[in-house]
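**Q** Input work22.csv, format and content: CSV, C-alpha atoms.
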chain,number,residue,atom,x,y,z
A,1,MET,CA,42.4,78.7,114.8
A,2,SER,CA,41.1,82.2,115.3
A,3,LEU,CA,37.4,82.7,114.6
A,4,ILE,CA,37.9,86.4,113.9
A,5,LYS,CA,40.7,87.8,111.7
A,6,ARG,CA,41.8,91.5,111.9
A,7,PHE,CA,43.4,93.6,109.2
A,8,GLU,CA,45.1,97.0,109.7
A,9,ARG,CA,44.3,99.9,107.5
A,10,ASN,CA,45.6,99.6,103.9
A,11,ASN,CA,47.7,102.8,103.5
A,12,CYS,CA,48.9,102.0,100.0
A,13,GLY,CA,45.8,100.8,98.1
A,14,ARG,CA,42.2,99.8,98.2
A,15,ASP,CA,40.3,97.2,100.2
A,16,LEU,CA,37.5,95.8,98.1
A,17,ILE,CA,34.8,93.3,99.3
A,18,VAL,CA,33.1,90.9,96.9
A,19,GLY,CA,29.9,88.9,97.3
A,20,ASP,CA,29.4,85.2,96.9
A,21,VAL,CA,31.6,83.6,94.2
A,22,HIS,CA,30.1,80.1,94.0
A,23,GLY,CA,32.8,78.6,91.8
A,24,TYR,CA,33.1,81.4,89.2
A,25,PHE,CA,36.6,82.5,89.8
A,26,GLY,CA,37.2,83.3,86.1
A,27,ARG,CA,34.3,85.8,86.2
A,28,LEU,CA,35.7,87.2,89.4
A,29,GLN,CA,39.1,87.8,87.8
A,30,VAL,CA,37.4,89.6,84.9
A,31,ALA,CA,35.5,91.8,87.5
A,32,ILE,CA,38.6,92.8,89.5
A,33,ASP,CA,40.5,93.4,86.2
A,34,GLU,CA,37.8,95.8,85.1
A,35,VAL,CA,38.2,98.0,88.2
A,36,GLY,CA,42.0,98.0,87.9
A,37,PHE,CA,42.7,95.8,90.9
A,38,ASP,CA,46.4,96.0,91.7
A,39,PRO,CA,47.5,92.9,93.7
A,40,GLY,CA,50.6,94.7,94.8
A,41,ARG,CA,48.6,97.4,96.6
A,42,ASP,CA,45.0,96.4,96.8
A,43,ARG,CA,43.3,93.6,98.9
A,44,LEU,CA,40.2,91.6,98.1
A,45,PHE,CA,37.9,90.3,100.8
A,46,SER,CA,35.2,87.7,100.3
A,47,VAL,CA,32.0,87.3,102.3
A,48,GLY,CA,32.3,83.5,101.7
A,49,ASP,CA,30.5,80.9,99.6
A,50,LEU,CA,33.5,80.4,97.4
A,51,VAL,CA,32.3,77.0,96.1
A,52,ASP,CA,29.2,75.1,94.8
A,53,ARG,CA,27.1,75.8,91.7
A,54,GLY,CA,29.9,77.0,89.4
A,55,PRO,CA,32.4,75.1,87.3
A,56,GLU,CA,35.6,76.3,89.0
A,57,CYS,CA,35.2,75.2,92.6
A,58,ASP,CA,38.5,73.4,92.5
A,59,LEU,CA,40.2,76.8,92.2
A,60,ALA,CA,39.1,77.9,95.7
A,61,LEU,CA,42.3,76.7,97.3
A,62,GLU,CA,44.4,78.4,94.7
A,63,TRP,CA,42.6,81.7,95.4
A,64,LEU,CA,42.9,81.3,99.2
A,65,ALA,CA,46.7,81.0,98.8
A,66,LYS,CA,46.9,84.4,97.2
A,67,PRO,CA,48.4,86.9,99.7
A,68,TRP,CA,45.9,89.6,98.8
A,69,PHE,CA,42.7,87.5,99.0
A,70,HIS,CA,40.9,86.8,102.3
A,71,ALA,CA,37.6,85.1,103.0
A,72,VAL,CA,35.3,84.3,105.8
A,73,ARG,CA,33.5,81.0,106.1
A,74,GLY,CA,30.1,80.8,104.4
A,75,ASN,CA,27.4,78.2,104.6
A,76,HIS,CA,28.7,76.4,101.5
A,77,GLU,CA,32.1,76.1,103.2
A,78,ASP,CA,30.2,74.8,106.2
A,79,MET,CA,28.7,72.0,104.1
A,80,ALA,CA,32.1,71.2,102.6
A,81,ILE,CA,33.5,70.9,106.1
A,82,ARG,CA,30.8,68.5,107.2
A,83,TRP,CA,30.9,66.3,104.1
A,84,PRO,CA,34.0,64.2,104.8
A,85,ASN,CA,32.8,63.5,108.3
A,86,GLY,CA,29.5,62.1,107.2
A,87,ASN,CA,27.5,65.0,108.6
A,88,MET,CA,26.1,66.2,105.3
A,89,ASP,CA,23.4,64.3,103.3
A,90,ALA,CA,24.7,63.6,99.8
A,91,ARG,CA,21.4,64.3,98.1
A,92,ASN,CA,20.9,67.6,99.9
A,93,TYR,CA,24.5,68.6,99.2
A,94,VAL,CA,24.2,67.9,95.5
A,95,ALA,CA,20.9,69.8,95.3
A,96,ASN,CA,22.8,72.8,96.8
A,97,GLY,CA,25.6,72.6,94.2
A,98,GLY,CA,28.0,70.3,96.0
A,99,GLY,CA,28.1,67.6,93.3
A,100,TRP,CA,31.7,68.6,92.5
A,101,ASN,CA,32.8,67.7,96.0
A,102,VAL,CA,30.7,64.6,96.3
A,103,SER,CA,32.5,63.2,93.3
A,104,ASN,CA,35.9,64.2,94.7
A,105,PRO,CA,38.3,61.5,96.1
A,106,PRO,CA,37.9,61.4,99.9
A,107,GLU,CA,41.4,62.8,100.4
A,108,LEU,CA,40.7,65.8,98.3
A,109,SER,CA,37.4,66.5,100.0
A,110,ARG,CA,39.3,66.4,103.3
A,111,GLU,CA,41.8,68.9,101.9
A,112,PHE,CA,39.0,71.3,101.1
A,113,ALA,CA,37.3,70.7,104.5
A,114,GLU,CA,40.6,71.5,106.4
A,115,ALA,CA,41.2,74.6,104.4
A,116,PHE,CA,37.7,75.9,104.9
A,117,ALA,CA,37.7,75.0,108.6
A,118,ALA,CA,40.7,77.3,109.0
A,119,LEU,CA,38.7,80.3,107.7
A,120,PRO,CA,37.5,82.8,110.2
A,121,ILE,CA,33.8,83.3,110.9
A,122,ALA,CA,34.3,87.1,110.8
A,123,MET,CA,36.9,89.7,109.7
A,124,GLU,CA,37.5,93.2,110.8
A,125,LEU,CA,39.0,95.9,108.5
A,126,GLU,CA,40.4,99.1,109.8
A,127,THR,CA,39.6,102.0,107.4
A,128,GLU,CA,40.2,105.7,107.4
A,129,ARG,CA,36.5,106.2,108.1
A,130,GLY,CA,36.0,103.5,110.8
A,131,LEU,CA,35.8,99.8,111.4
A,132,VAL,CA,34.1,97.5,108.9
A,133,GLY,CA,33.1,94.0,109.8
A,134,ILE,CA,32.6,91.1,107.4
A,135,VAL,CA,30.5,88.0,108.1
A,136,HIS,CA,28.7,85.7,105.6
A,137,ALA,CA,25.1,86.0,106.6
A,138,ASP,CA,24.5,88.3,109.6
A,139,CYS,CA,25.9,89.5,112.9
A,140,PRO,CA,23.7,87.7,115.4
A,141,PHE,CA,24.1,90.3,118.1
A,142,SER,CA,23.0,93.9,118.5
A,143,SER,CA,26.6,95.0,118.8
A,144,TRP,CA,29.7,93.9,117.0
A,145,GLU,CA,31.7,93.8,120.3
A,146,GLN,CA,29.3,91.2,121.6
A,147,PHE,CA,29.8,89.1,118.5
A,148,VAL,CA,33.6,89.4,118.7
A,149,GLU,CA,33.6,88.6,122.4
A,150,VAL,CA,31.8,85.4,121.8
A,151,LEU,CA,34.0,84.4,118.9
A,152,GLU,CA,37.1,85.0,121.1
A,153,THR,CA,35.8,83.0,124.1
A,154,GLU,CA,38.1,80.1,124.4
A,155,GLN,CA,35.7,77.9,126.3
A,156,LEU,CA,32.7,78.4,124.1
A,157,SER,CA,30.0,75.9,124.9
A,158,GLY,CA,28.9,73.6,122.2
A,159,ALA,CA,25.3,74.9,122.1
A,160,LEU,CA,26.3,78.5,122.0
A,161,LYS,CA,29.0,77.9,119.4
A,162,LYS,CA,26.4,76.1,117.2
A,163,ALA,CA,23.9,78.8,117.5
A,164,VAL,CA,26.3,81.6,116.8
A,165,PHE,CA,27.9,79.8,113.8
A,166,GLU,CA,24.5,79.0,112.3
A,167,ALA,CA,23.3,82.6,112.6
A,168,ALA,CA,26.6,84.0,111.2
A,169,MET,CA,26.7,81.6,108.2
A,170,TRP,CA,23.0,80.8,107.5
A,171,SER,CA,20.6,83.5,108.9
A,172,ARG,CA,18.2,85.5,106.8
A,173,GLU,CA,16.3,86.9,109.8
A,174,ARG,CA,17.3,90.5,109.2
A,175,ILE,CA,16.6,90.7,105.4
A,176,SER,CA,13.4,88.7,105.8
A,177,GLY,CA,12.1,91.3,108.2
A,178,HIS,CA,12.0,88.9,111.2
A,179,ALA,CA,14.8,90.8,113.1
A,180,SER,CA,15.6,94.3,114.1
A,181,LEU,CA,16.8,96.6,111.3
A,182,ASP,CA,18.7,98.8,113.7
A,183,ASP,CA,22.4,99.4,113.1
A,184,VAL,CA,24.8,96.9,114.5
A,185,ALA,CA,26.5,99.0,117.3
A,186,GLY,CA,30.2,99.5,117.6
A,187,VAL,CA,31.1,99.2,113.9
A,188,ARG,CA,30.8,101.5,110.9
A,189,ALA,CA,29.4,98.8,108.7
A,190,VAL,CA,28.8,95.1,108.5
A,191,VAL,CA,29.1,93.6,105.0
A,192,VAL,CA,27.4,90.3,104.2
A,193,GLY,CA,26.4,88.1,101.3
A,194,HIS,CA,24.3,84.9,101.4
A,195,THR,CA,21.0,86.3,100.2
A,196,PRO,CA,21.0,87.4,96.5
A,197,VAL,CA,19.8,90.9,95.9
A,198,GLN,CA,19.1,92.8,92.6
A,199,ARG,CA,21.5,95.6,93.7
A,200,ALA,CA,23.7,96.3,96.7
A,201,THR,CA,21.3,96.9,99.6
A,202,SER,CA,21.7,98.4,103.1
A,203,LEU,CA,19.5,97.6,106.1
A,204,GLY,CA,20.7,99.9,108.8
A,205,ASN,CA,24.5,99.6,108.6
A,206,VAL,CA,24.4,96.1,107.2
A,207,HIS,CA,25.3,95.9,103.5
A,208,TYR,CA,24.1,93.1,101.3
A,209,ILE,CA,26.4,92.6,98.3
A,210,ASP,CA,25.6,89.2,96.7
A,211,THR,CA,24.3,90.6,93.4
A,212,GLY,CA,24.5,87.3,91.6
A,213,GLY,CA,27.9,87.3,89.8
A,214,TRP,CA,27.5,83.5,89.9
A,215,PHE,CA,24.1,83.4,88.2
A,216,PRO,CA,24.0,81.2,85.1
A,217,ALA,CA,24.3,82.7,81.7
A,218,HIS,CA,20.5,82.6,81.1
A,219,ARG,CA,20.1,85.0,84.0
A,220,PRO,CA,22.0,88.0,82.7
A,221,GLU,CA,20.9,90.3,85.5
A,222,GLY,CA,23.6,88.9,87.8
A,223,ARG,CA,26.7,91.0,88.5
A,224,PHE,CA,29.6,91.0,91.0
A,225,THR,CA,29.6,94.0,93.3
A,226,LEU,CA,32.9,95.2,94.5
A,227,LEU,CA,32.4,97.3,97.6
A,228,ASP,CA,35.1,99.8,98.7
A,229,ALA,CA,35.5,99.2,102.4
A,230,SER,CA,36.5,102.8,103.0
A,231,THR,CA,33.8,104.6,101.1
A,232,LEU,CA,31.2,101.9,101.2
A,233,ARG,CA,30.5,102.6,97.6
A,234,GLY,CA,30.1,99.7,95.3
A,235,ALA,CA,31.1,99.1,91.7
A,236,THR,CA,28.7,96.7,90.1
A,237,VAL,CA,30.9,95.2,87.4
A,238,SER,CA,29.6,94.8,83.8
A,239,ARG,CA,28.9,91.2,82.8
A,240,LEU,CA,31.9,91.0,80.5
A,241,TRP,CA,31.7,87.2,80.6
A,242,GLU,CA,28.3,87.1,78.8
A,243,GLY,CA,27.6,83.6,77.5
A,244,ALA,CA,30.1,82.0,79.8
Would you mind writing the structure in this file as structure tokens?
**A**
Amino acid sequence: MSLIKRFERNNCGRDLIVGDVHGYFGRLQVAIDEVGFDPGRDRLFSVGDLVDRGPECDLALEWLAKPWFHAVRGNHEDMAIRWPNGNMDARNYVANGGGWNVSNPPELSREFAEAFAALPIAMELETERGLVGIVHADCPFSSWEQFVEVLETEQLSGALKKAVFEAAMWSRERISGHASLDDVAGVRAVVVGHTPVQRATSLGNVHYIDTGGWFPAHRPEGRFTLLDASTLRGATVSRLWEGA
């Protein structure tokens, strides 16, 4: 299993990056349809958190099987990985949207856990304007090369692995103002989700794109942002699923 996955430049279409999905795949389909997504030419990359909270978490495996859809591991995938092994408290998991999986048969929970454990921690996209990195929460190093070097270390110690994984999937240090806001060196941009923002936001060259496409219907401010990896311009898609 590779902890980082690399993609060559897409010379025939667009590479779009979407924020947290949280079990709203029907809404995501509406969003990509609105921007004219072409599955024969375009690719869609996810910052993780495909599951929990929404009504269509069971579709995550179907989406991961699509040849044009690629995701990194988010903290909600992390919880799903830990659940079958008894390393996730049921009450805490349900409180964070995992009730769908708690009620799953054990063999199905294991199927989700195995699929999510196969997801990389980070992805790299080559674009005409430079390298773009994708990770769920944050790059826990001052340079992307350091991050990649650690992810590619075969004999990664348990303590270091735990620290890097937790930061990559769970950290809010940068956006909370408790970490440096300098650019992550060695990469044009790093794209993350994890922390909901009212609009796509940049801190240095780190782009936050979880704009709440998964928000419930009584919070109509939520939208999916589809960020073009080449231009770093985002299309915040209209809430065409109003009332869903």
**Q** Considering all atoms listed in the file, can you say which of A:Trp63, A:Phe215, A:Phe7, A:Phe141 comes closest to Ala179 (chain A)?
**A**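 Ranked by minimum distance to Ala179 (chain A), first place goes to A:Phe141.
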**Q** Rank A:His22, A:Arg41, A:Lys161, A:Arg73 by their smallest atom-to-atom distance to Ile121 (chain A), using only C-alpha atoms, and report the top residue only.
**A** A:Arg73
**Q** Mind pulling up the distance from CA of Thr231 (chain A) to CA of Trp214 (chain A)?
**A**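 Interatomic distance here is 24.7 Å.
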**Q** CA of Ala113 (chain A) to CA of Pro84 (chain A): how many Å, to one decimal?
**A**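 Distance reported for this atom pair: 7.3 Å.
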**Q** So, with only C-alpha atoms as the atoms that count, which of A:Lys162, A:Arg14, A:His76, A:Arg53 lies closest to His136 (chain A)?
**A**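 Once distances to His136 (chain A) are computed over only C-alpha atoms, the minimum belongs to A:His76.
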**Q** Could you please determine the separation between CA of Ala80 (chain A) and CA of Glu107 (chain A) in Å, to one decimal place?
**A**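 These two atoms are separated by 12.7 Å.
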**Q** Would you mind telling me which residue in A:Val237, A:Val132, A:Ala189, A:Ile81 lies nearest to Arg110 (chain A) when using all atoms listed in the file?
**A**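 When distances to Arg110 (chain A) are compared using all atoms listed in the file, the smallest one comes from A:Ile81.
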**Q** So, with all atoms listed in the file as the atoms that count, which of A:Ala95, A:Val21, A:Val191, A:Ala217 lies closest to Ser230 (chain A)?
**A**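 Once distances to Ser230 (chain A) are computed over all atoms listed in the file, the minimum belongs to A:Val191.
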**Q** Tell me which of A:Leu28, A:Arg82, A:Tyr208, A:Val135 sits closest to Met123 (chain A), counting only C-alpha atoms.
**A**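 For Met123 (chain A), the nearest of the given residues is A:Val135.
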**Q** Excluding Arg43 (chain A) and its own-chain neighbours fewer than 3 positions away, which residues fall within 9 Å of it when counting all atoms listed in the file? Please give them as a ChimeraX atom specification.
**A** /A:10,13-17,37-40,67-70
**Q** Quick one: residues within 10 Å of Val51 (chain A), all atoms listed in the file counted, chain neighbours fewer than 4 positions away excluded, as a ChimeraX atom specification?
**A** /A:20-25,55-60,74-77,80,97-98,100-101
**Q** Report as a VMD selection string all protein, DNA and RNA residues lying within 12 Å of Arg223 (chain A), evaluated on all atoms listed in the file, omitting residues in the same chain fewer than 6 positions from it.
**A** chain A and resid 18 to 21 24 27 to 28 30 to 31 196 to 200 209 to 217 234 to 242
**Q** Show me, as a tab-separated table (two decimals) with C-alpha atoms, keeping the file's coordinate frame, the residues that have an atom within 8 Å of Ala115 (chain A) when counting only C-alpha atoms, minus same-chain residues fewer than 4 positions from it.
**A**
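New file part.tsv:
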chain	number	residue	atom	x	y	z
A	61	LEU	CA	42.30	76.70	97.30
A	111	GLU	CA	41.80	68.90	101.90
A	119	LEU	CA	38.70	80.30	107.70
**Q** Would you kindly place all heavy atoms on region 125-136 of chain A and return the model as an mmCIF file, keeping the file's coordinate frame?
**A**
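Result saved to result-v8.cif:
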data_model
loop_
_atom_site.group_PDB
_atom_site.id
_atom_site.type_symbol
_atom_site.label_atom_id
_atom_site.label_comp_id
_atom_site.auth_asym_id
_atom_site.auth_seq_id
_atom_site.Cartn_x
_atom_site.Cartn_y
_atom_site.Cartn_z
ATOM 1 N N LEU A 125 38.102 95.049 109.284
ATOM 2 C CA LEU A 125 39.000 95.900 108.500
ATOM 3 C C LEU A 125 39.034 97.276 109.092
ATOM 4 O O LEU A 125 37.990 97.908 109.274
ATOM 5 C CB LEU A 125 38.509 95.996 107.036
ATOM 6 C CG LEU A 125 38.122 94.728 106.273
ATOM 7 C CD1 LEU A 125 37.762 95.096 104.842
ATOM 8 C CD2 LEU A 125 39.234 93.728 106.311
ATOM 9 N N GLU A 126 40.217 97.745 109.378
ATOM 10 C CA GLU A 126 40.400 99.100 109.800
ATOM 11 C C GLU A 126 40.419 100.000 108.527
ATOM 12 O O GLU A 126 41.157 99.695 107.587
ATOM 13 C CB GLU A 126 41.668 99.315 110.578
ATOM 14 C CG GLU A 126 41.671 98.638 111.938
ATOM 15 C CD GLU A 126 40.811 99.363 112.956
ATOM 16 O OE1 GLU A 126 40.327 100.467 112.652
ATOM 17 O OE2 GLU A 126 40.640 98.821 114.062
ATOM 18 N N THR A 127 39.613 101.041 108.485
ATOM 19 C CA THR A 127 39.600 102.000 107.400
ATOM 20 C C THR A 127 39.759 103.377 107.874
ATOM 21 O O THR A 127 39.572 103.638 109.071
ATOM 22 C CB THR A 127 38.332 101.857 106.502
ATOM 23 O OG1 THR A 127 37.275 102.565 107.161
ATOM 24 C CG2 THR A 127 37.917 100.413 106.278
ATOM 25 N N GLU A 128 40.032 104.303 106.977
ATOM 26 C CA GLU A 128 40.200 105.700 107.400
ATOM 27 C C GLU A 128 38.909 106.290 107.950
ATOM 28 O O GLU A 128 38.923 107.302 108.645
ATOM 29 C CB GLU A 128 40.692 106.532 106.224
ATOM 30 C CG GLU A 128 39.741 106.568 105.042
ATOM 31 C CD GLU A 128 40.292 107.364 103.877
ATOM 32 O OE1 GLU A 128 41.409 107.895 104.000
ATOM 33 O OE2 GLU A 128 39.602 107.437 102.849
ATOM 34 N N ARG A 129 37.779 105.627 107.671
ATOM 35 C CA ARG A 129 36.500 106.200 108.100
ATOM 36 C C ARG A 129 35.844 105.315 109.217
ATOM 37 O O ARG A 129 34.708 105.578 109.600
ATOM 38 C CB ARG A 129 35.545 106.303 106.933
ATOM 39 C CG ARG A 129 36.124 107.179 105.835
ATOM 40 C CD ARG A 129 35.143 107.434 104.720
ATOM 41 N NE ARG A 129 35.772 108.160 103.619
ATOM 42 C CZ ARG A 129 35.117 108.608 102.555
ATOM 43 N NH1 ARG A 129 33.811 108.428 102.454
ATOM 44 N NH2 ARG A 129 35.762 109.251 101.604
ATOM 45 N N GLY A 130 36.556 104.298 109.693
ATOM 46 C CA GLY A 130 36.000 103.500 110.800
ATOM 47 C C GLY A 130 36.117 102.003 110.496
ATOM 48 O O GLY A 130 36.538 101.568 109.422
ATOM 49 N N LEU A 131 35.713 101.224 111.490
ATOM 50 C CA LEU A 131 35.800 99.800 111.400
ATOM 51 C C LEU A 131 34.718 99.163 110.597
ATOM 52 O O LEU A 131 33.546 99.517 110.733
ATOM 53 C CB LEU A 131 35.766 99.208 112.864
ATOM 54 C CG LEU A 131 36.022 97.716 113.026
ATOM 55 C CD1 LEU A 131 37.477 97.376 112.712
ATOM 56 C CD2 LEU A 131 35.671 97.280 114.455
ATOM 57 N N VAL A 132 35.099 98.224 109.729
ATOM 58 C CA VAL A 132 34.100 97.500 108.900
ATOM 59 C C VAL A 132 34.237 96.003 109.243
ATOM 60 O O VAL A 132 35.338 95.433 109.284
ATOM 61 C CB VAL A 132 34.415 97.700 107.404
ATOM 62 C CG1 VAL A 132 33.529 96.796 106.545
ATOM 63 C CG2 VAL A 132 34.181 99.175 107.032
ATOM 64 N N GLY A 133 33.101 95.390 109.527
ATOM 65 C CA GLY A 133 33.100 94.000 109.800
ATOM 66 C C GLY A 133 32.540 93.189 108.621
ATOM 67 O O GLY A 133 31.705 93.688 107.860
ATOM 68 N N ILE A 134 33.041 91.988 108.449
ATOM 69 C CA ILE A 134 32.600 91.100 107.400
ATOM 70 C C ILE A 134 32.190 89.767 107.985
ATOM 71 O O ILE A 134 32.937 89.177 108.772
ATOM 72 C CB ILE A 134 33.701 90.875 106.325
ATOM 73 C CG1 ILE A 134 34.166 92.196 105.709
ATOM 74 C CG2 ILE A 134 33.227 89.926 105.222
ATOM 75 C CD1 ILE A 134 35.371 92.050 104.778
ATOM 76 N N VAL A 135 31.005 89.290 107.637
ATOM 77 C CA VAL A 135 30.500 88.000 108.100
ATOM 78 C C VAL A 135 29.616 87.490 106.932
ATOM 79 O O VAL A 135 29.081 88.305 106.172
ATOM 80 C CB VAL A 135 29.781 88.071 109.414
ATOM 81 C CG1 VAL A 135 28.544 88.959 109.319
ATOM 82 C CG2 VAL A 135 29.421 86.695 109.945
ATOM 83 N N HIS A 136 29.448 86.195 106.788
ATOM 84 C CA HIS A 136 28.700 85.700 105.600
ATOM 85 C C HIS A 136 27.279 86.105 105.554
ATOM 86 O O HIS A 136 26.798 86.643 104.557
ATOM 87 C CB HIS A 136 28.848 84.191 105.489
ATOM 88 C CG HIS A 136 28.135 83.649 104.287
ATOM 89 N ND1 HIS A 136 28.490 83.982 102.997
ATOM 90 C CD2 HIS A 136 27.042 82.844 104.160
ATOM 91 C CE1 HIS A 136 27.679 83.391 102.138
ATOM 92 N NE2 HIS A 136 26.778 82.709 102.817
#
